[in-house]
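To keep things clear, I will list the structure first and then write my remarks on it.
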Amino acid sequence: MEAELRSQPETWARAVELRAEQKLLPASGERIAVVGCGTSWFMAQSYAALRESAGLGVTDAFAASEAPGVSRPFDARDYDAIVAITRSGTTTEVLELLDAVRASRSTARTVGIVGDPEAPLVDLVDDVVKLPFADEQSVVQTRFATTALAFVRASLGENLDRAIEDAAAAVAEELDADLVSAEQYSFLGAGWTVGLAHEAALKMREASQSWTESYPAKEYRHGPISIAAPGRVTWMFGEAPDGLAADVANTGARFENAPLDGLADLVRAQRVALARARRFELDPDRPRNLTRSVILAS
C-alpha cells in the first residue's frame, strides 16, 4: 500500500497524457451514467459532479448493483453512454450490469476504465481505457482510484499541474501524530469532493478498522456534528462552508482542512489510514473480510 500510494503523482501525470484515451469518454452534451462498486462508485460520484458542474451534460452515478439496467431498462432514462469504473474488471455486479445492458439492446455506448487489461470487462464494453500502470497488488485501493479520477478530470479540460504538485507534497509531508491517533474521523466534501469524503472514510475503515463517517459538508450540521468531540477529527475536502470551522471548534474536535487540491488531500487521508494500520499492527494489504475483487457465487 505504501509503495502504491506514494506513486500517485507519477501515475496521475501519466494519466493526464493519455489524450487519445480521453477522447473515448462521452462527448459534451451526452447524457451518461457512471457506475462502479465501493471505491470506484465514489470516484463515479466525483466524476458525475465534475462533469455536470462543467456544463457538459446530465451525469448520474450509481452503485452498479443499484443502477437502472439491473432492475429496469437503461433506455428508460435515455442515456447516451455508460461508463464503468473497476480496478479488477472482474467485479460481479459490474459485469452483470454490462450483460444486462447488452441483453436489453440498449443503444447506449459502454466504456470501461480498468486496471487489468486482460479482465473479462474488456470484452463486455464498446470501448475500454486501460490503466495497467495504476493497477495494484494491495487489496486496499489507492492509486487506481485516484488515477482514474485524474484521467477523467483531464478529459474534462482540467489542468492537473497543481493537483500533482500537491500530491507530491502530501506524500512527502510528516504526518501529525495527533491526526494519526484520533479516536474518530468524520470526512466531509462538497460537490465533487463528496465522493472523496466517502472514499476517505472507506479507506480508513478498510486499512485500520477505524471509526469513520462521511457526509456532504452542509449536511454535517444536520445531526452528525453531534459526534464531534475532543480527540476526534472533522476533515473537510476542499473549500469549507462558511461557519463550519467555527462550529467544529466549538465542539472541541479538530477541524482539518488542508489548502490542497481535494484529490491530493485524499492522499493524506490514505497515509493516515496506513499509519493507523501500522499502529494497530494490521496488514492493510490483506484487510480482514476483504479480497481484491468481489466475485459473488452464482
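Ordered as shown in the C-alpha cells, chains take letters A, B, and onward, while each chain numbers its residues from 1 and ligands are numbered from 1 in the order shown.
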
- Task: Within 7 Å of segment 27-36 of chain A, counting only C-alpha atoms, which residues show up once you throw out same-chain ones fewer than 3 positions away? Write them as a list in words, please.
- Result: Ser40, Trp41, Ala44, Leu56, Gly57, Val58, Thr59, Asp60, Ala61, Phe62, Ala63, Ala64, Tyr79, Asp80, Ala81, Ile82, Val83, Ala84, Ile85, Thr86 and Val94 of chain A

- List every residue of segment 122-178 of chain A that DSSP, applied to the backbone of this structure, assigns to strand (DSSP E or B), and report them as an NGL selection string. :A and (127-130)

Keeping only N, CA and C atoms, write the selected residues as a PDB file, in the first residue's frame.
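Result written to out.pdb:
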ATOM      1  N   ASP A 127     -15.884   0.360 -25.743  1.00  0.00           N
ATOM      2  CA  ASP A 127     -14.567   0.983 -25.709  1.00  0.00           C
ATOM      3  C   ASP A 127     -13.978   0.796 -24.319  1.00  0.00           C
ATOM      4  N   VAL A 128     -12.652   0.674 -24.246  1.00  0.00           N
ATOM      5  CA  VAL A 128     -12.018   0.441 -22.959  1.00  0.00           C
ATOM      6  C   VAL A 128     -10.800   1.341 -22.785  1.00  0.00           C
ATOM      7  N   VAL A 129     -10.673   1.892 -21.588  1.00  0.00           N
ATOM      8  CA  VAL A 129      -9.494   2.661 -21.186  1.00  0.00           C
ATOM      9  C   VAL A 129      -8.717   1.784 -20.215  1.00  0.00           C
ATOM     10  N   LYS A 130      -7.514   1.398 -20.599  1.00  0.00           N
ATOM     11  CA  LYS A 130      -6.710   0.506 -19.775  1.00  0.00           C
ATOM     12  C   LYS A 130      -5.648   1.326 -19.028  1.00  0.00           C
TER      13      LYS A 130
END

- Item | Of the listed residues A:Pro117, A:Pro26, A:Pro259, A:Pro68, that which approaches Ala240 of chain A most closely, counting only C-alpha atoms |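 Using only C-alpha atoms, Ala240 of chain A sits closest to A:Pro259.
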
- Contacts of Leu124 of chain A within 10 Å, only C-alpha atoms, excl. fewer than 2 positions in-chain, as a list in words: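 Selected residues are Leu95, Glu96, Leu97, Leu98, Asp99, Val101, Arg102, Thr110, Val111, Gly112, Ala119, Pro120, Leu121, Val122, Asp126, Asp127 and Val128 of chain A.
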
Each residue of segment 51-156 of chain A lying at most 12 Å from segment 177-199 of chain A should get a row with its shortest atom-to-atom pair and the distance in Å to one decimal, counting only C-alpha atoms; could you produce that, ordered by chain and increasing number, as a Markdown table?
| residue | atom | partner | partner_atom | distance |
| --- | --- | --- | --- | --- |
| A:Arg51 | CA | A:Trp192 | CA | 9.2 |
| A:Glu52 | CA | A:Trp192 | CA | 9.8 |
| A:Ser53 | CA | A:Gly191 | CA | 8.4 |
| A:Ala54 | CA | A:Trp192 | CA | 11.1 |
| A:Ala61 | CA | A:Gly195 | CA | 10.3 |
| A:Phe62 | CA | A:Gly195 | CA | 11.9 |
| A:Val140 | CA | A:Glu199 | CA | 11.1 |
| A:Gln141 | CA | A:Glu199 | CA | 9.8 |
| A:Thr142 | CA | A:Glu199 | CA | 9.7 |
| A:Ala145 | CA | A:Glu199 | CA | 9.4 |
| A:Thr146 | CA | A:Leu196 | CA | 9.4 |
| A:Leu149 | CA | A:Leu196 | CA | 10.2 |
| A:Arg153 | CA | A:Trp192 | CA | 10.6 |

Suppose we keep N, CA and C atoms; can you now write the selection as an mmCIF file, in the first residue's frame?
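This went into selection-v7.cif:
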data_model
loop_
_atom_site.group_PDB
_atom_site.id
_atom_site.type_symbol
_atom_site.label_atom_id
_atom_site.label_comp_id
_atom_site.auth_asym_id
_atom_site.auth_seq_id
_atom_site.Cartn_x
_atom_site.Cartn_y
_atom_site.Cartn_z
ATOM 1 N N ARG A 51 -18.476 16.635 -14.090
ATOM 2 C CA ARG A 51 -18.962 16.769 -15.465
ATOM 3 C C ARG A 51 -20.201 17.654 -15.533
ATOM 4 N N GLU A 52 -21.115 17.463 -14.589
ATOM 5 C CA GLU A 52 -22.319 18.298 -14.593
ATOM 6 C C GLU A 52 -21.997 19.747 -14.265
ATOM 7 N N SER A 53 -21.118 19.967 -13.291
ATOM 8 C CA SER A 53 -20.794 21.347 -12.910
ATOM 9 C C SER A 53 -20.059 22.076 -14.031
ATOM 10 N N ALA A 54 -19.401 21.316 -14.921
ATOM 11 C CA ALA A 54 -18.742 21.914 -16.074
ATOM 12 C C ALA A 54 -19.717 22.175 -17.222
ATOM 13 N N ALA A 61 -24.485 9.004 -11.201
ATOM 14 C CA ALA A 61 -23.569 7.992 -10.663
ATOM 15 C C ALA A 61 -24.371 6.973 -9.870
ATOM 16 N N PHE A 62 -24.069 5.689 -10.081
ATOM 17 C CA PHE A 62 -24.788 4.616 -9.410
ATOM 18 C C PHE A 62 -23.807 3.559 -8.895
ATOM 19 N N VAL A 140 -6.351 -2.949 -0.504
ATOM 20 C CA VAL A 140 -6.841 -1.587 -0.260
ATOM 21 C C VAL A 140 -6.412 -0.683 -1.416
ATOM 22 N N GLN A 141 -7.387 -0.151 -2.143
ATOM 23 C CA GLN A 141 -7.126 0.680 -3.310
ATOM 24 C C GLN A 141 -6.608 2.053 -2.911
ATOM 25 N N THR A 142 -5.627 2.526 -3.653
ATOM 26 C CA THR A 142 -5.191 3.910 -3.545
ATOM 27 C C THR A 142 -5.026 4.493 -4.945
ATOM 28 N N ALA A 145 -7.811 4.198 -8.113
ATOM 29 C CA ALA A 145 -8.978 5.072 -7.998
ATOM 30 C C ALA A 145 -8.631 6.519 -8.298
ATOM 31 N N THR A 146 -7.570 7.014 -7.683
ATOM 32 C CA THR A 146 -7.225 8.422 -7.882
ATOM 33 C C THR A 146 -6.713 8.676 -9.295
ATOM 34 N N LEU A 149 -9.664 8.990 -11.545
ATOM 35 C CA LEU A 149 -10.305 10.301 -11.395
ATOM 36 C C LEU A 149 -9.440 11.394 -12.015
ATOM 37 N N ARG A 153 -10.745 13.834 -14.964
ATOM 38 C CA ARG A 153 -10.631 15.290 -14.783
ATOM 39 C C ARG A 153 -9.890 15.915 -15.966
#

- Item | Given only C-alpha atoms as the counted atoms, nearest of A:Glu213, A:Glu206, A:Asp116, A:Asp247 to Leu282 of chain A |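 Answer, going by the shortest atom-to-atom distance: A:Glu206.
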
- Query: Within 7 Å of Ala277 of chain A, counting only C-alpha atoms, which residues qualify if same-chain residues fewer than 5 places away don't, as number ranges by chain?
  - Reply: A: 207-208, 282-284

- Message: Counting only C-alpha atoms, which residue out of A:Phe280, A:Tyr47, A:Phe133, A:Phe237 sits closest to Glu10 of chain A?
- Response: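 Under the stated criterion, the closest residue is A:Phe133.
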
- Item | Near-Ser138 of chain A list (9 Å; only C-alpha atoms; drop same-chain fewer than 5 positions) as number ranges by chain | A: 1, 4, 284-286, 292

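Residue nearest Gly157 of chain A within the list A:Ala217, A:Ala249, A:Leu50, A:Ala172: A:Leu50 [criterion: smallest interatomic distance, only C-alpha atoms].
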
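We find atom CA of Leu266 of chain A and atom CA of Ala200 of chain A to be spaced 6.4 Å apart.
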
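Of note, atom CA of His222 of chain A and atom CA of Ala245 of chain A are spaced 15.1 Å apart.
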
- Item | atom CA of Glu2 of chain A to atom CA of Thr39 of chain A, straight-line distance in Å | 17.6 Å

- Message: Residues of segment 9-248 of chain A classed as alpha helix (DSSP H) by DSSP on the backbone are to be reported as a ChimeraX atom specification.
- Response: /A:9-16,19-22,39-53,92-103,143-155,161-172,177-180,193-208,244-248

- Name the residues in contact with Ala168 of chain A at a cut-off of 10 Å, using only C-alpha atoms, excluding same-chain residues fewer than 4 positions from it; report them as a PyMOL selection string. chain A and resi 6-10+162-164+172-173+264+267

- Task: Considering only C-alpha atoms, return as a ChimeraX atom specification whatever protein or nucleic-acid residues lie within 10 Å of segment 16-21 of chain A, sequence-local ones (same chain, fewer than 5 positions apart) excluded.
- Result: /A:11,113,127-131,147-148,150-155,158-161

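Distance check against Leu274 of chain A using only C-alpha atoms: of A:Gly89, A:Ala169, A:Lys203, A:Thr251, the minimum falls on A:Lys203.
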